[in-house]
$ cat work_0.cif   # mmCIF, C-alpha atoms
data_upload
loop_
_atom_site.group_PDB
_atom_site.id
_atom_site.type_symbol
_atom_site.label_atom_id
_atom_site.label_comp_id
_atom_site.auth_asym_id
_atom_site.auth_seq_id
_atom_site.Cartn_x
_atom_site.Cartn_y
_atom_site.Cartn_z
ATOM 1 C CA MET A 1 -43.007 -5.965 54.430
ATOM 2 C CA LYS A 2 -40.137 -4.447 56.363
ATOM 3 C CA ILE A 3 -38.725 -1.112 55.248
ATOM 4 C CA THR A 4 -35.217 -2.603 54.986
ATOM 5 C CA THR A 5 -36.538 -5.265 52.611
ATOM 6 C CA LEU A 6 -38.163 -2.572 50.451
ATOM 7 C CA PHE A 7 -34.881 -0.680 50.291
ATOM 8 C CA LYS A 8 -33.062 -3.847 49.230
ATOM 9 C CA ILE A 9 -35.583 -4.527 46.462
ATOM 10 C CA ALA A 10 -35.443 -0.923 45.269
ATOM 11 C CA GLY A 11 -31.650 -1.049 45.270
ATOM 12 C CA SER A 12 -31.668 -4.202 43.183
ATOM 13 C CA VAL A 13 -34.052 -2.668 40.673
ATOM 14 C CA ILE A 14 -31.886 0.456 40.359
ATOM 15 C CA THR A 15 -28.778 -1.678 39.858
ATOM 16 C CA ILE A 16 -30.484 -3.655 37.087
ATOM 17 C CA LEU A 17 -31.633 -0.458 35.398
ATOM 18 C CA LEU A 18 -28.158 1.076 35.590
ATOM 19 C CA VAL A 19 -26.557 -2.025 34.142
ATOM 20 C CA GLY A 20 -29.114 -2.034 31.357
ATOM 21 C CA CYS A 21 -28.463 1.623 30.586
ATOM 22 C CA GLN A 22 -24.733 1.042 30.497
ATOM 23 C CA ALA A 23 -25.175 -1.883 28.122
ATOM 24 C CA ALA A 24 -27.271 0.250 25.800
ATOM 25 C CA GLY A 25 -24.917 3.210 25.942
ATOM 26 C CA PRO A 26 -21.609 3.857 24.184
ATOM 27 C CA THR A 27 -19.315 0.861 24.100
ATOM 28 C CA SER A 28 -15.702 0.944 25.154
ATOM 29 C CA SER A 29 -13.026 1.800 22.625
ATOM 30 C CA GLY A 30 -11.963 -1.852 22.569
ATOM 31 C CA GLN A 31 -15.482 -2.977 21.666
ATOM 32 C CA ARG A 32 -15.895 -0.223 19.105
ATOM 33 C CA ASP A 33 -12.694 -1.333 17.423
ATOM 34 C CA GLN A 34 -14.621 -4.451 16.381
ATOM 35 C CA MET A 35 -16.442 -2.233 13.875
ATOM 36 C CA THR A 36 -13.208 -1.798 11.928
ATOM 37 C CA GLN A 37 -11.340 -5.005 12.707
ATOM 38 C CA ARG A 38 -11.739 -6.074 9.063
ATOM 39 C CA VAL A 39 -9.442 -3.266 7.943
ATOM 40 C CA GLY A 40 -6.430 -4.919 6.350
ATOM 41 C CA GLU A 41 -8.043 -8.369 6.333
ATOM 42 C CA TYR A 42 -9.102 -9.826 2.969
ATOM 43 C CA PRO A 43 -10.299 -13.090 1.448
ATOM 44 C CA ALA A 44 -7.540 -15.466 0.407
ATOM 45 C CA PRO A 45 -6.327 -14.988 -3.181
ATOM 46 C CA PRO A 46 -7.328 -17.537 -5.850
ATOM 47 C CA ALA A 47 -5.190 -20.657 -5.795
ATOM 48 C CA GLY A 48 -2.294 -20.719 -8.218
ATOM 49 C CA ILE A 49 -2.087 -17.047 -9.140
ATOM 50 C CA GLU A 50 1.345 -15.497 -9.363
ATOM 51 C CA ARG A 51 2.029 -12.377 -7.349
ATOM 52 C CA VAL A 52 2.762 -9.342 -9.507
ATOM 53 C CA ARG A 53 4.965 -6.357 -8.661
ATOM 54 C CA VAL A 54 2.989 -3.211 -7.911
ATOM 55 C CA GLY A 55 4.117 0.319 -7.168
ATOM 56 C CA VAL A 56 1.986 3.027 -5.564
ATOM 57 C CA PRO A 57 2.793 6.615 -6.637
ATOM 58 C CA PRO A 58 1.562 9.528 -4.499
ATOM 59 C CA PHE A 59 -2.193 9.947 -4.796
ATOM 60 C CA GLN A 60 -3.834 12.816 -6.596
ATOM 61 C CA VAL A 61 -5.749 15.012 -4.125
ATOM 62 C CA ASP A 62 -8.815 17.114 -4.890
ATOM 63 C CA THR A 63 -8.394 20.064 -2.548
ATOM 64 C CA ARG A 64 -11.797 21.503 -3.484
ATOM 65 C CA GLU A 65 -13.546 18.896 -1.312
ATOM 66 C CA GLY A 66 -11.765 19.281 2.022
ATOM 67 C CA ALA A 67 -8.646 17.213 1.311
ATOM 68 C CA VAL A 68 -5.178 18.768 1.561
ATOM 69 C CA GLU A 69 -2.091 18.229 -0.584
ATOM 70 C CA GLY A 70 -0.146 16.447 2.150
ATOM 71 C CA MET A 71 -2.578 13.540 1.980
ATOM 72 C CA ASN A 72 -1.065 12.389 -1.326
ATOM 73 C CA VAL A 73 1.889 10.654 0.339
ATOM 74 C CA VAL A 74 -0.052 9.527 3.419
ATOM 75 C CA ALA A 75 -2.683 7.840 1.241
ATOM 76 C CA ALA A 76 0.008 6.126 -0.858
ATOM 77 C CA ASP A 77 1.668 4.768 2.284
ATOM 78 C CA GLN A 78 -1.632 3.390 3.578
ATOM 79 C CA ALA A 79 -2.445 1.825 0.207
ATOM 80 C CA THR A 80 1.005 0.208 0.050
ATOM 81 C CA THR A 81 0.448 -1.578 3.366
ATOM 82 C CA LEU A 82 -3.094 -2.660 2.499
ATOM 83 C CA LEU A 83 -2.053 -3.997 -0.925
ATOM 84 C CA LEU A 84 0.576 -6.160 0.728
ATOM 85 C CA ASN A 85 -2.025 -7.476 3.157
ATOM 86 C CA THR A 86 -4.186 -8.794 0.291
ATOM 87 C CA GLY A 87 -1.594 -11.491 -0.470
ATOM 88 C CA ARG A 88 -1.887 -10.822 -4.196
ATOM 89 C CA PHE A 89 1.037 -8.481 -4.827
ATOM 90 C CA ASN A 90 4.703 -7.930 -4.257
ATOM 91 C CA VAL A 91 4.547 -4.271 -3.337
ATOM 92 C CA ILE A 92 7.407 -1.850 -3.854
ATOM 93 C CA GLU A 93 8.045 0.388 -0.877
ATOM 94 C CA ARG A 94 7.140 4.002 -1.633
ATOM 95 C CA ALA A 95 10.675 5.389 -1.301
ATOM 96 C CA GLN A 96 11.931 2.708 -3.685
ATOM 97 C CA MET A 97 9.108 3.540 -6.091
ATOM 98 C CA GLU A 98 10.081 7.201 -6.077
ATOM 99 C CA GLN A 99 13.701 6.241 -6.723
ATOM 100 C CA LEU A 100 12.678 4.054 -9.686
ATOM 101 C CA LEU A 101 10.719 6.910 -11.234
ATOM 102 C CA ALA A 102 13.590 9.338 -10.634
ATOM 103 C CA GLU A 103 16.180 7.023 -12.172
ATOM 104 C CA GLN A 104 14.012 6.587 -15.264
ATOM 105 C CA GLU A 105 13.258 10.327 -15.375
ATOM 106 C CA LEU A 106 9.563 9.552 -15.006
ATOM 107 C CA GLU A 107 8.824 11.713 -11.961
ATOM 108 C CA GLY A 108 5.507 13.473 -12.220
ATOM 109 C CA ILE A 109 4.224 11.386 -15.135
ATOM 110 C CA VAL A 110 1.592 9.538 -13.145
ATOM 111 C CA HIS A 111 -1.508 11.625 -13.779
ATOM 112 C CA TRP A 112 -5.039 10.424 -13.250
ATOM 113 C CA GLU A 113 -6.232 11.581 -16.665
ATOM 114 C CA GLU A 114 -3.124 10.645 -18.678
ATOM 115 C CA MET A 115 -2.509 6.979 -17.918
ATOM 116 C CA ALA A 116 -2.290 5.927 -21.575
ATOM 117 C CA GLU A 117 0.701 8.224 -22.122
ATOM 118 C CA MET A 118 2.875 6.790 -19.391
ATOM 119 C CA GLY A 119 4.920 4.151 -21.178
ATOM 120 C CA GLU A 120 6.964 1.454 -19.498
ATOM 121 C CA VAL A 121 8.013 1.796 -15.878
ATOM 122 C CA ARG A 122 10.844 -0.678 -15.408
ATOM 123 C CA GLY A 123 10.752 -2.653 -12.169
ATOM 124 C CA VAL A 124 6.965 -2.867 -11.793
ATOM 125 C CA ASP A 125 4.227 -4.843 -13.507
ATOM 126 C CA TYR A 126 1.399 -2.549 -12.445
ATOM 127 C CA LEU A 127 0.742 0.748 -10.718
ATOM 128 C CA LEU A 128 -2.013 1.425 -8.231
ATOM 129 C CA VAL A 129 -3.038 4.976 -9.038
ATOM 130 C CA GLY A 130 -5.258 6.624 -6.437
ATOM 131 C CA ARG A 131 -7.178 9.811 -5.903
ATOM 132 C CA VAL A 132 -8.592 11.368 -2.730
ATOM 133 C CA THR A 133 -11.786 13.010 -3.957
ATOM 134 C CA SER A 134 -13.061 14.356 -0.626
ATOM 135 C CA PHE A 135 -12.192 14.460 3.064
ATOM 136 C CA ARG A 136 -14.427 15.879 5.787
ATOM 137 C CA VAL A 137 -14.579 15.471 9.546
ATOM 138 C CA MET A 138 -17.481 17.305 11.138
ATOM 139 C CA ALA A 139 -19.487 17.382 14.353
ATOM 140 C CA SER A 140 -22.375 14.978 14.030
ATOM 141 C CA GLU A 141 -25.843 16.497 13.882
ATOM 142 C CA SER A 142 -26.969 13.600 16.076
ATOM 143 C CA GLN A 143 -24.643 14.815 18.828
ATOM 144 C CA SER A 144 -26.508 15.123 22.102
ATOM 145 C CA GLN A 145 -23.734 16.390 24.369
ATOM 146 C CA PHE A 146 -23.343 19.982 23.216
ATOM 147 C CA GLY A 147 -24.282 21.578 26.509
ATOM 148 C CA ILE A 148 -20.739 21.537 27.856
ATOM 149 C CA GLY A 149 -19.081 22.471 24.601
ATOM 150 C CA ARG A 150 -15.613 23.908 24.317
ATOM 151 C CA THR A 151 -16.128 25.733 21.037
ATOM 152 C CA GLN A 152 -18.963 27.052 18.943
ATOM 153 C CA ILE A 153 -19.760 25.320 15.669
ATOM 154 C CA PRO A 154 -19.854 28.036 12.976
ATOM 155 C CA PHE A 155 -23.181 26.891 11.529
ATOM 156 C CA GLY A 156 -24.685 27.204 15.029
ATOM 157 C CA GLY A 157 -28.399 26.536 15.139
ATOM 158 C CA ALA A 158 -29.586 23.661 17.273
ATOM 159 C CA LEU A 159 -26.106 22.222 17.519
ATOM 160 C CA GLY A 160 -24.722 24.975 19.659
ATOM 161 C CA ALA A 161 -21.283 24.172 21.063
ATOM 162 C CA PHE A 162 -19.304 21.029 20.346
ATOM 163 C CA ASP A 163 -17.263 19.430 23.121
ATOM 164 C CA TYR A 164 -14.244 18.259 21.165
ATOM 165 C CA GLU A 165 -12.415 17.348 24.376
ATOM 166 C CA ASN A 166 -15.043 14.743 25.234
ATOM 167 C CA ARG A 167 -13.932 11.442 23.696
ATOM 168 C CA GLN A 168 -17.578 10.332 23.452
ATOM 169 C CA SER A 169 -18.618 13.288 21.283
ATOM 170 C CA GLN A 170 -19.882 12.051 17.935
ATOM 171 C CA ILE A 171 -18.288 13.027 14.633
ATOM 172 C CA ASP A 172 -19.180 12.414 10.994
ATOM 173 C CA VAL A 173 -16.447 11.312 8.606
ATOM 174 C CA GLU A 174 -16.642 11.439 4.816
ATOM 175 C CA CYS A 175 -13.759 10.325 2.601
ATOM 176 C CA GLY A 176 -13.894 9.683 -1.128
ATOM 177 C CA ILE A 177 -11.314 7.359 -2.704
ATOM 178 C CA ASP A 178 -10.819 6.247 -6.327
ATOM 179 C CA LEU A 179 -8.398 3.416 -7.125
ATOM 180 C CA ARG A 180 -7.151 2.129 -10.485
ATOM 181 C CA LEU A 181 -4.814 -0.790 -11.084
ATOM 182 C CA VAL A 182 -3.038 0.118 -14.305
ATOM 183 C CA ASP A 183 -0.690 -1.605 -16.731
ATOM 184 C CA PRO A 184 1.908 1.154 -17.238
ATOM 185 C CA THR A 185 3.088 -0.186 -20.594
ATOM 186 C CA THR A 186 -0.338 0.248 -22.203
ATOM 187 C CA GLY A 187 -2.274 2.521 -19.879
ATOM 188 C CA GLU A 188 -4.918 -0.225 -19.606
ATOM 189 C CA ILE A 189 -6.990 -0.070 -16.429
ATOM 190 C CA VAL A 190 -7.271 -3.705 -15.371
ATOM 191 C CA ALA A 191 -9.370 -3.094 -12.230
ATOM 192 C CA ALA A 192 -10.939 -0.055 -10.609
ATOM 193 C CA ASN A 193 -13.378 0.971 -7.936
ATOM 194 C CA PHE A 194 -14.342 3.898 -5.750
ATOM 195 C CA SER A 195 -15.775 4.498 -2.306
ATOM 196 C CA GLU A 196 -17.631 7.382 -0.718
ATOM 197 C CA TYR A 197 -16.741 6.198 2.758
ATOM 198 C CA THR A 198 -18.974 7.591 5.512
ATOM 199 C CA ARG A 199 -19.162 6.748 9.171
ATOM 200 C CA THR A 200 -20.504 8.299 12.366
ATOM 201 C CA ASP A 201 -18.809 7.335 15.600
ATOM 202 C CA SER A 202 -17.318 8.859 18.715
ATOM 203 C CA ILE A 203 -13.933 10.549 18.669
ATOM 204 C CA ASP A 204 -12.726 7.619 20.746
ATOM 205 C CA GLY A 205 -14.195 5.152 18.238
ATOM 206 C CA PHE A 206 -12.138 6.670 15.437
ATOM 207 C CA ASN A 207 -9.115 6.839 17.763
ATOM 208 C CA VAL A 208 -8.299 10.377 16.668
ATOM 209 C CA GLN A 209 -7.601 13.635 18.496
ATOM 210 C CA VAL A 210 -9.777 16.633 17.602
ATOM 211 C CA LEU A 211 -7.966 19.921 18.159
ATOM 212 C CA GLY A 212 -10.864 22.253 17.405
ATOM 213 C CA VAL A 213 -12.949 23.678 14.601
ATOM 214 C CA SER A 214 -11.279 25.029 11.484
ATOM 215 C CA THR A 215 -11.589 28.707 10.690
ATOM 216 C CA GLY A 216 -13.284 27.985 7.353
ATOM 217 C CA THR A 217 -16.978 28.271 6.676
ATOM 218 C CA ASP A 218 -17.586 24.542 6.354
ATOM 219 C CA ALA A 219 -17.211 23.781 10.086
ATOM 220 C CA GLN A 220 -14.715 21.006 9.545
ATOM 221 C CA LEU A 221 -12.862 19.751 12.594
ATOM 222 C CA ASP A 222 -9.084 19.951 12.816
ATOM 223 C CA LEU A 223 -7.375 16.654 13.632
ATOM 224 C CA GLN A 224 -4.039 16.063 15.265
ATOM 225 C CA GLU A 225 -1.275 15.693 12.694
ATOM 226 C CA GLY A 226 -1.125 12.121 11.444
ATOM 227 C CA ASP A 227 -4.693 11.201 12.382
ATOM 228 C CA GLU A 228 -5.879 11.781 8.809
ATOM 229 C CA GLY A 229 -4.035 8.561 7.964
ATOM 230 C CA ARG A 230 -6.378 6.516 10.154
ATOM 231 C CA ILE A 231 -9.405 7.713 8.212
ATOM 232 C CA LEU A 232 -7.680 7.382 4.846
ATOM 233 C CA ARG A 233 -6.775 3.813 5.779
ATOM 234 C CA MET A 234 -10.442 2.927 6.408
ATOM 235 C CA ALA A 235 -11.589 4.519 3.154
ATOM 236 C CA ILE A 236 -8.821 2.951 1.045
ATOM 237 C CA ASP A 237 -9.499 -0.424 2.629
ATOM 238 C CA ASP A 238 -13.185 -0.120 1.734
ATOM 239 C CA THR A 239 -12.345 0.694 -1.893
ATOM 240 C CA LEU A 240 -9.708 -2.013 -2.218
ATOM 241 C CA TYR A 241 -12.009 -4.634 -0.721
ATOM 242 C CA LYS A 242 -14.649 -3.847 -3.341
ATOM 243 C CA MET A 243 -12.039 -3.937 -6.113
ATOM 244 C CA LEU A 244 -10.612 -7.367 -5.250
ATOM 245 C CA PRO A 245 -13.099 -9.487 -7.262
ATOM 246 C CA ALA A 246 -12.056 -7.678 -10.453
ATOM 247 C CA VAL A 247 -8.401 -7.997 -9.460
ATOM 248 C CA ASP A 248 -8.822 -11.746 -8.890
ATOM 249 C CA ASN A 249 -10.536 -12.244 -12.247
ATOM 250 C CA TYR A 250 -7.760 -10.405 -14.020
ATOM 251 C CA LEU A 251 -4.898 -12.143 -12.218
ATOM 252 C CA THR A 252 -6.517 -15.554 -12.746
ATOM 253 C CA GLY A 253 -6.839 -14.881 -16.469
ATOM 254 C CA ARG A 254 -3.268 -13.595 -16.613
ATOM 255 C CA THR A 255 -1.944 -16.728 -14.874
ATOM 256 C CA GLN A 256 -3.902 -19.010 -17.209
ATOM 257 C CA ALA A 257 -2.700 -17.148 -20.315
ATOM 258 C CA GLU A 258 0.947 -17.436 -19.236
ATOM 259 C CA ALA A 259 0.504 -21.161 -18.616
ATOM 260 C CA GLU A 260 -0.747 -21.814 -22.164
#
$ encode --input "work_0.cif" --output "structure tokens"
Amino acid sequence: MKITTLFKIAGSVITILLVGCQAAGPTSSGQRDQMTQRVGEYPAPPAGIERVRVGVPPFQVDTREGAVEGMNVVAADQATTLLLNTGRFNVIERAQMEQLLAEQELEGIVHWEEMAEMGEVRGVDYLLVGRVTSFRVMASESQSQFGIGRTQIPFGGALGAFDYENRQSQIDVECGIDLRLVDPTTGEIVAANFSEYTRTDSIDGFNVQVLGVSTGTDAQLDLQEGDEGRILRMAIDDTLYKMLPAVDNYLTGRTQAEAE
């Protein structure tokens, strides 16, 4: 066999191997987005139910588990959009909700542990009361590209340095969300659910910008301002999706009772 023929065969084999490696490697950001394309998409509501008016006060935030106070409004904004997307509610815009509470001198009454003491909130049928129980973004222990790191991870060890400028670097996300749909006139919780949302993906896959490692001892990563909302949106969506069967049962029963 001629040497040129051998080179051609070898070149073809190398090309096939490279293509195979690329197919098995990280996908593009567009392909990775397919992992979260369900966010904001829900099953159709039961036929015949009447949409109810829902307001979303600022969330309660547990700052002991990595979350920060500023997430209370961001989470409420994300929940407002997602509720509207379910097709089951007429949702009051957050600024309008705050104005309603101010006009009725009810600001600050929406507490997670004191729902039964709220009393009537004119202008809404229900409130979606939420809580951010945890929020962590950390370098993934499965990360294999630490050799060219830009900053040292405080817990060190085998992880070494984390290259937060590399969009393919892997990160772990944890976000805890509790949701309660509440009748404000009685304090009755008509539907509720929670999610300990976790996901490992590349920085590019989450479509966030990592600025570095926080100065705390927990080695959390600092995100660009506003990027927390992307993660909160995923976690709230996960919780809301799980809560919808209970919501549908309640709204169906409510519609039937009003028709009798």
$ resolve_selection --input "work_0.cif" --expression "the PyMOL selection byres ((chain A and resi 170-185) around 7)" --output "JSON, numbers by chain"
{"A": [118, 119, 120, 121, 125, 126, 127, 128, 129, 130, 131, 132, 133, 134, 135, 136, 137, 138, 139, 140, 143, 168, 169, 186, 187, 188, 189, 190, 191, 192, 193, 194, 195, 196, 197, 198, 199, 200, 201, 202, 203, 235, 236, 239]}
$ write_last_selection --input "work_0.cif" --atoms "C-alpha atoms" --output "CSV table (one decimal), in the frame of the given file"
chain,number,residue,atom,x,y,z
A,118,MET,CA,2.9,6.8,-19.4
A,119,GLY,CA,4.9,4.2,-21.2
A,120,GLU,CA,7.0,1.5,-19.5
A,121,VAL,CA,8.0,1.8,-15.9
A,125,ASP,CA,4.2,-4.8,-13.5
A,126,TYR,CA,1.4,-2.5,-12.4
A,127,LEU,CA,0.7,0.7,-10.7
A,128,LEU,CA,-2.0,1.4,-8.2
A,129,VAL,CA,-3.0,5.0,-9.0
A,130,GLY,CA,-5.3,6.6,-6.4
A,131,ARG,CA,-7.2,9.8,-5.9
A,132,VAL,CA,-8.6,11.4,-2.7
A,133,THR,CA,-11.8,13.0,-4.0
A,134,SER,CA,-13.1,14.4,-0.6
A,135,PHE,CA,-12.2,14.5,3.1
A,136,ARG,CA,-14.4,15.9,5.8
A,137,VAL,CA,-14.6,15.5,9.5
A,138,MET,CA,-17.5,17.3,11.1
A,139,ALA,CA,-19.5,17.4,14.4
A,140,SER,CA,-22.4,15.0,14.0
A,143,GLN,CA,-24.6,14.8,18.8
A,168,GLN,CA,-17.6,10.3,23.5
A,169,SER,CA,-18.6,13.3,21.3
A,186,THR,CA,-0.3,0.2,-22.2
A,187,GLY,CA,-2.3,2.5,-19.9
A,188,GLU,CA,-4.9,-0.2,-19.6
A,189,ILE,CA,-7.0,-0.1,-16.4
A,190,VAL,CA,-7.3,-3.7,-15.4
A,191,ALA,CA,-9.4,-3.1,-12.2
A,192,ALA,CA,-10.9,-0.1,-10.6
A,193,ASN,CA,-13.4,1.0,-7.9
A,194,PHE,CA,-14.3,3.9,-5.8
A,195,SER,CA,-15.8,4.5,-2.3
A,196,GLU,CA,-17.6,7.4,-0.7
A,197,TYR,CA,-16.7,6.2,2.8
A,198,THR,CA,-19.0,7.6,5.5
A,199,ARG,CA,-19.2,6.7,9.2
A,200,THR,CA,-20.5,8.3,12.4
A,201,ASP,CA,-18.8,7.3,15.6
A,202,SER,CA,-17.3,8.9,18.7
A,203,ILE,CA,-13.9,10.5,18.7
A,235,ALA,CA,-11.6,4.5,3.2
A,236,ILE,CA,-8.8,3.0,1.0
A,239,THR,CA,-12.3,0.7,-1.9
$ closest_residue --input "work_0.cif" --among "A:Asn166, A:Leu240, A:Gly66, A:Met97" --to "A:Leu221" --atoms "all atoms listed in the file"
A:Gly66
$ closest_residue --input "work_0.cif" --among "A:Val61, A:Ile49, A:Val91, A:Met234" --to "A:Ala259" --atoms "only C-alpha atoms"
A:Ile49
$ atom_distance --input "work_0.cif" --atom1 "atom CA of A:Ala257" --atom2 "atom CA of A:Leu83"
23.4 Å
$ atom_distance --input "work_0.cif" --atom1 "atom CA of A:Val68" --atom2 "atom CA of A:Gln209"
17.9 Å
